[in-house]
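K.L.:
Let me begin by handing over the structure; questions about it come next.
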Amino acid sequence: ETKQVFVDSDEAQLQEYLEEEKALNPTKKTICILANTTNDKIRVWKSYIDSEHLLSNEQVLDKMEHYAHLFRISKSNDRETVLKNTYALNELLHKKDIDENLRSQFVGTSLLYIKALVKRKGYPLITQEFVKSLSQNTWGQMTPKGIRGEIEGVLSDLLDGSDNKAKKIELLQKNVLGNQKVRALKSTDWSDILSTILLNIYRYIDTDSSEGQDILNMFFIAFNKYTGKADKNQAFTPDHITEFMCRITGVDRTKRILDATCGSGSFLVQAMVKELADCRRGKTEDEANSLMEKVRKEHIYGIEVEEKAYGLSTTNMLIHGDGNSNIKFDSCFNCKDFIKTADPDIILMNPPYNAKPIGIPDTYKVNWGKAKDGKEDPTKGLVFVHYLSDIVEEMNVEREVAGKARKTVKMAVLLPVAAAIGNKNIIQSEKIALLENNTLEAVFTLPNEIFYPGASASACCMVFTLGEPHIRADGTLHETFFGYFKEDGFKKKKYLGRVEQFDENGNSKWKAIEEEWLDVFRNHLSKDGLSATAKVTGEDEWLCEAYMKTDYTTLREDDFQQTLNNYLAYLLKEGKIYES
């Protein structure tokens with residue numbers, strides 16, 4: 001139905017046309033479109049005209065083939081079912097004696113194999129009968145060695161054209177398929193595992209949709225929570241924090257993204273999911289596909305030096321449809337040329353807080369004294385920011401020589417709060433050096449135990465504009481935003497990590513909190529107990545606690561009583577008072 005400018009009440013007229021169409025052609029599938037003639041605004045529904053069937057991402061008129069495709073999708077998105085079945089799958093792998101620290105990559109690799117198998121079968125509907133047929137006639141007729149060989153073949157095909165393909169296949173063999181307990185799996189075990197993933201996980205994720213990509217990311221990260229960490233200081237960034245950092249830095253389909261210490265690839269995947277969703281907005285299917293191809297090939301860059309994490313990032317990117325050709329296996333300190341080629345617009349990262357000084361260039365250790373031969377990086381990760389900012393400055397010098405305008409790069413980086421306090425000489429000198437060529441835009445103090453069940457470090461998120469000095473040419477300072485973002489609506493649960501909470505109406509507490517965080521940050525609002533702004537230098541503390549006002553309206557009698565109880569317990573513990 002066309003109108004000069006449609007209004008909500010016009011939906012009733014379209015509803016009448018739909019009812020008449022269904023009466024005349026009850027077996028036909030229907031797409032309903034309300035369109036303006038004075039501009040390009042449209043509203044599209046699939047099968048029924050109500051909020052549940054409104055296709056909010058359909059913003060431009062497309063070809064008939066596109067609308068027909070909407071009815072051929074063999075999978076549907078179901079976030080809750082995937083989350084519930086993820087726990088059950090973890091239990092199954094436990095029974096099959098697959099080690100915790102192997103499960104995440106094992107499941108990712110199996111999922112890639114299943115995805116390729118379903119494609120080879122012509123994208124059939126995933127029913128009990130289809131899975132039973134595979135179990136009996138495919139996996140049931142193969143040896144365990146044959147199944148492992150098929151999986152390796154699928155990964156080899158997916159990695160064609162990828163940088164360092166031989167190393168990636170070698171790691172797959174070494175860390176997954178060559179693992180003793182994986183080699184001990186019988187054909188029946190493989191059949192149980194692959195059938196469960198196909199029927200209980202893959203069936204509920206439409207990877208061609210934005211929501212499906214989000215659910216896939218949630219599933220993969222959920223498995224990281226079950227993964228035992230050999231290094232208790234390993235910090236896998238929670239999915240909702242990576243998404244928040246993508247939003248504050250303005251990730252969209254035009255941006256090139258770099259993570260120089262990418263670990264399992266969570267920042268890169270989240271950025272890619274955001275960019276792919278943006279490719280679909282306001283574009284036809286053909287236009288969107290062209291933009292998405294460019295994003296996958298030219299916009300996502302990562303570096304990782306640790307073998308298992310590199311293998312995990314490879315799998316993670318492949319699951320999301322990326323050829324991962326831009327993920328490099330090396331130390332970022334050896335990759336200056338790669339970083340220049342990446343030419344990032346945005347850098348997202350969570351560098352190691354306890355990196356060994358031996359792997360850090362001597363240039364950055366001049367003022368470290370004895371710490372340069374110590375066990376841990378005394379800058380608490382700031383040296384990684386310093387190194388990347390130096391590369392951006394070097395690139396800008398080269399741009400100036402070539403007659404081009406200087407470029408700024410947004411960076412959001414997770415660091416321990418010790419790096420923000422910086423009252424030690426080494427950290428303070430790093431902070432002073434950073435502000436010579438870069439602006440400190442914001443610092444967010446994050447919830448306690450944000451990395452649980454991995455590292456126990458208290459963290460903050462720093463946001464920089466690299467390539468723009470903190471002190472302006474006229475000598476004035478940029479104002480920095482500080483957020484005291486300690487409550488994110490997640491609660492700690494044993495074996496599951498920190499779990500999202502919902503209100504009595506089923507709405508996510510985190511989503512409401514995230515919007516408030518974004519609002520106060522984007523508008524530089526000072527809110528008692530939550531945020532503040534201040535002009536700071538490298539010698540100052542970079543945490544909100546030093547600048548915000550306390551919100552006394554939230555205090556209750558119970559708070560006073562709890563404080564008194566804590567103080568009394570302290571006095572008893574210290575032997576300063578005795579029970580009489």
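By order of appearance in the structure tokens: chains A, B, ..., then residues from 1 within every chain, and ligands from 1 in the order shown.
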Please identify all polymer residues within 9 Å of stretch 233-248 of chain A, counting only C-alpha atoms, omitting same-chain residues fewer than 3 positions from it, and present them as a PyMOL selection string.
P.N.:
chain A and resi 217-218+221+224-225+229-230+251-252+263-264+266-267+270-271+274+346+348+350+352-354+412-414+450-457+461+463+498+510+514+518+521-522
K.L.:
Using only C-alpha atoms, pick whichever of A:Lys404, A:His320, A:Lys119, A:Arg203 has the shortest atom-to-atom distance to A:Asn85.
P.N.:
A:Arg203
K.L.:
Grab the atom CA of A:Lys308 to atom CA of A:Lys84 distance for me, in Å with one decimal place.
P.N.:
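A separation of 26.6 Å between them.
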K.L.:
Between atom CA of A:Phe502 and atom CA of A:Phe490, what is the distance in Å, rounded to a tenth?
P.N.:
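It comes out at 9.1 Å.
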K.L.:
Take atom CA of A:Ile432 and atom CA of A:Ala405 and report the distance between them in Å, one decimal.
P.N.:
25.5 Å
K.L.:
Hey, which of A:Lys410, A:Lys167, A:His69, A:Lys28 ends up closest to A:Asn438? Count only C-alpha atoms.
P.N.:
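Smallest separation from A:Asn438 among the options: A:Lys410.
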K.L.:
DSSP on the backbone: which residues in stretch 427-493 of chain A end up as strand (DSSP E or B)? Give the answer as a PyMOL selection string.
P.N.:
chain A and resi 438-445+459-466+471+477+480-484+490-493
K.L.:
Kindly indicate which residue among A:Ser187, A:Ala418, A:Val409, A:Phe482 lies nearest to A:Asn137, using only C-alpha atoms for the distances.
P.N.:
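Using only C-alpha atoms, A:Asn137 sits closest to A:Ser187.
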K.L.:
With only C-alpha atoms as the counted atoms, please give the residues lying no more than 8 Å from A:Phe485, apart from itself and same-chain residues fewer than 6 positions off, as a PyMOL selection string.
P.N.:
chain A and resi 444-447+517+530
K.L.:
Measuring atom to atom with only C-alpha atoms, identify which of A:Gly403, A:Ala260, A:Gly374, A:Cys279 is nearest to A:Lys336.
P.N.:
A:Ala260
K.L.:
What residues in stretch 251-416 of chain A get the DSSP label alpha helix (DSSP H)? Please answer as an MDAnalysis selection string.
P.N.:
chainID A and resid 266:280 285:298 307:319 336:342 382:401
K.L.:
Choose the residue, out of A:Phe6, A:Trp190, A:Tyr310, A:Phe384, that has the smallest atom-to-atom separation from A:Ala355; count only C-alpha atoms.
P.N.:
A:Phe384
K.L.:
Counting only C-alpha atoms, which of A:Asp8, A:Glu504, A:Asp540, A:Glu65 gets nearest to A:Ile42?
P.N.:
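For A:Ile42, the nearest of the given residues is A:Asp8.
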